[in-house]
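Student: Let me begin by handing over the structure; questions about it come next.
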Amino acid sequence: MPPRRWANLAQPMKNVPGMSAKPTANVSYYNCSKCPAYCCSIYERVQVTKRDIARLARYFGVGYEAAQKRFTTTWQGEQILRRKADPIFGKACKFLDPVARRCTIYEGRPSVCREFPARTRCAYYDLLTFERSQQGDDTVLPLVQITFRNGKK
């Protein structure tokens, strides 16, 4: 079954090759509701900005410092979201519902999450649908790990 077309209401990222600088209603060829939340799980670090922390503070009705302490940590001088145990990938974003595989703070999520995947296709969804098609099984879940050329995650 071909993937459904979903309206992507996110604004395109600026200065990305192949992306329009004009806001448009794009057609997207992915369906997040059929995905196990790869984007929330396989990245060990999700960088957050001061604006993201302020958004989290407003979302939870706490002060900036409380949100920063409760929801983020620092890695090599970079402010990142905290992670928690995950039954599928081992670790995932603190805000991922491990059963529904959805963001529990969708309206308060950081900018990087709002922008992902910033194109009409999602490589993880393409991999998922390809493997499920090849195996003839809609429950197949290919496990993915990001490894960079220098061998560091």
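By convention in this document, the chains of the structure tokens carry letters A, B, ... by their order, each chain's residues are numbered from 1, and ligands are numbered from 1 in the order they are shown.
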Skipping near chain neighbours, those fewer than 5 positions away, what residues fall within 10 Å of A:Arg45 using only C-alpha atoms, listed as an mmCIF file with C-alpha atoms, in the first residue's frame?
Tutor:
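What follows is the written file out.cif:
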```cif
data_model
loop_
_atom_site.group_PDB
_atom_site.id
_atom_site.type_symbol
_atom_site.label_atom_id
_atom_site.label_comp_id
_atom_site.auth_asym_id
_atom_site.auth_seq_id
_atom_site.Cartn_x
_atom_site.Cartn_y
_atom_site.Cartn_z
ATOM 1 C CA CYS A 40 12.853 10.714 19.007
ATOM 2 C CA THR A 73 21.390 18.392 30.601
ATOM 3 C CA THR A 74 24.736 19.576 29.256
ATOM 4 C CA TRP A 75 27.003 17.571 26.979
ATOM 5 C CA GLU A 78 25.821 21.915 24.570
ATOM 6 C CA GLN A 79 22.354 22.101 26.168
ATOM 7 C CA ILE A 80 20.429 18.935 25.219
ATOM 8 C CA LEU A 81 17.150 17.247 26.141
ATOM 9 C CA ARG A 82 17.265 14.544 28.770
ATOM 10 C CA ARG A 83 16.649 10.952 27.714
ATOM 11 C CA ALA A 92 14.699 7.882 23.797
ATOM 12 C CA CYS A 93 13.626 11.448 24.379
ATOM 13 C CA LYS A 153 27.855 8.409 17.745
#
```
Student: Could you name the residues that touch A:Asp97 at 12 Å or less, counting only C-alpha atoms, but leaving out those on the same chain fewer than 6 positions away, as a list in words?
Tutor: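 Answer for this query is Pro36, Ala37, Cys40, Ser41, Arg83, Lys84, Ala85, Asp86, Pro87, Ile88, Cys103, Thr104, Ile105 and Tyr106 of chain A.
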Student: Output N, CA and C atoms for every residue in the selection just made, as an mmCIF file, in the first residue's frame.
Tutor:
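What ended up in part.cif:
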```cif
data_model
loop_
_atom_site.group_PDB
_atom_site.id
_atom_site.type_symbol
_atom_site.label_atom_id
_atom_site.label_comp_id
_atom_site.auth_asym_id
_atom_site.auth_seq_id
_atom_site.Cartn_x
_atom_site.Cartn_y
_atom_site.Cartn_z
ATOM 1 N N PRO A 36 7.784 4.099 14.586
ATOM 2 C CA PRO A 36 8.080 3.857 16.002
ATOM 3 C C PRO A 36 8.827 5.016 16.669
ATOM 4 N N ALA A 37 8.843 6.174 16.035
ATOM 5 C CA ALA A 37 9.493 7.382 16.572
ATOM 6 C C ALA A 37 11.014 7.297 16.483
ATOM 7 N N CYS A 40 12.847 10.442 17.562
ATOM 8 C CA CYS A 40 12.853 10.714 19.007
ATOM 9 C C CYS A 40 13.775 9.748 19.757
ATOM 10 N N SER A 41 14.298 8.767 19.056
ATOM 11 C CA SER A 41 15.019 7.690 19.728
ATOM 12 C C SER A 41 16.473 7.531 19.329
ATOM 13 N N ARG A 83 17.171 12.180 28.300
ATOM 14 C CA ARG A 83 16.649 10.952 27.714
ATOM 15 C C ARG A 83 16.207 10.015 28.830
ATOM 16 N N LYS A 84 15.474 8.983 28.437
ATOM 17 C CA LYS A 84 15.006 7.987 29.407
ATOM 18 C C LYS A 84 15.053 6.616 28.744
ATOM 19 N N ALA A 85 14.855 5.589 29.541
ATOM 20 C CA ALA A 85 14.847 4.219 29.019
ATOM 21 C C ALA A 85 13.705 4.062 28.018
ATOM 22 N N ASP A 86 13.963 3.250 26.986
ATOM 23 C CA ASP A 86 12.958 3.004 25.951
ATOM 24 C C ASP A 86 12.921 1.506 25.644
ATOM 25 N N PRO A 87 11.726 0.915 25.568
ATOM 26 C CA PRO A 87 11.624 -0.528 25.360
ATOM 27 C C PRO A 87 12.076 -1.002 23.978
ATOM 28 N N ILE A 88 12.103 -0.131 22.993
ATOM 29 C CA ILE A 88 12.507 -0.550 21.645
ATOM 30 C C ILE A 88 13.958 -0.201 21.350
ATOM 31 N N CYS A 103 4.984 12.098 20.832
ATOM 32 C CA CYS A 103 5.488 13.148 21.704
ATOM 33 C C CYS A 103 4.406 13.539 22.703
ATOM 34 N N THR A 104 4.771 13.590 23.969
ATOM 35 C CA THR A 104 3.809 13.969 25.000
ATOM 36 C C THR A 104 3.729 15.481 25.184
ATOM 37 N N ILE A 105 4.620 16.216 24.540
ATOM 38 C CA ILE A 105 4.614 17.682 24.643
ATOM 39 C C ILE A 105 4.592 18.313 23.252
ATOM 40 N N TYR A 106 3.827 17.748 22.364
ATOM 41 C CA TYR A 106 3.851 18.162 20.959
ATOM 42 C C TYR A 106 3.796 19.682 20.789
#
```
Student: Determine, counting only C-alpha atoms, which protein, DNA and RNA residues have an atom within 10 Å of an atom of A:Ser33; residues of the same chain fewer than 5 positions away are not included. Present the result as number ranges by chain.
Tutor: A: 100-102
Student: Just the selected residues (N, CA and C atoms), exported as a PDB file, in the first residue's frame, please.
Tutor:
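part_15.pdb, written as the output of this step:
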```
ATOM      1  N   ALA A 100       2.486   4.634  23.017  1.00  0.00           N
ATOM      2  CA  ALA A 100       1.861   5.249  21.837  1.00  0.00           C
ATOM      3  C   ALA A 100       2.899   5.673  20.804  1.00  0.00           C
ATOM      4  N   ARG A 101       4.175   5.832  21.211  1.00  0.00           N
ATOM      5  CA  ARG A 101       5.276   6.249  20.342  1.00  0.00           C
ATOM      6  C   ARG A 101       5.016   7.647  19.773  1.00  0.00           C
ATOM      7  N   ARG A 102       4.499   8.529  20.607  1.00  0.00           N
ATOM      8  CA  ARG A 102       4.199   9.906  20.224  1.00  0.00           C
ATOM      9  C   ARG A 102       4.780  10.864  21.260  1.00  0.00           C
TER      10      ARG A 102
END
```
Student: What does the distance between atom CA of A:Tyr124 and atom CA of A:Tyr38 come to in Å, to one decimal place?
Tutor: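 Distance reported for this atom pair: 6.7 Å.
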Student: Which one is closest to A:Ala54: A:Gly136, A:Pro142, A:Pro110, A:Pro98? Count only C-alpha atoms.
Tutor: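 Nearest candidate to A:Ala54 out of A:Gly136, A:Pro142, A:Pro110, A:Pro98: A:Pro110.
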Student: Given only C-alpha atoms as the basis, pick out the residue of A:Gly77, A:Glu107, A:Leu96, A:Cys39 nearest to A:Leu56.
Tutor: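 Using only C-alpha atoms, the shortest distance to A:Leu56 belongs to A:Glu107.
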Student: Can you list, as a PyMOL selection string, all residues belonging to stretch 12-105 of chain A that DSSP tags as strand (DSSP E)?
Tutor: chain A and resi 26-28+72-75+78-81+83-86+90-93
Student: Excluding same-chain residues fewer than 4 positions from stretch 138-140 of chain A, what lies within 12 Å of it counting only C-alpha atoms, as an NGL selection string?
Tutor: :A and (1 or 34-36 or 127-134)
Student: Tell me, in Å to one decimal, how far atom CA of A:Gly90 is from atom CA of A:Ile42.
Tutor: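 Answer for the atom CA of A:Gly90 to atom CA of A:Ile42 separation: 9.2 Å.
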Student: Could you give me, as a ChimeraX atom specification, each residue of stretch 3-138 of chain A that DSSP assigns to alpha helix (DSSP H) when run on this structure's backbone?
Tutor: /A:38-41,50-60,64-71,111-115,123-135
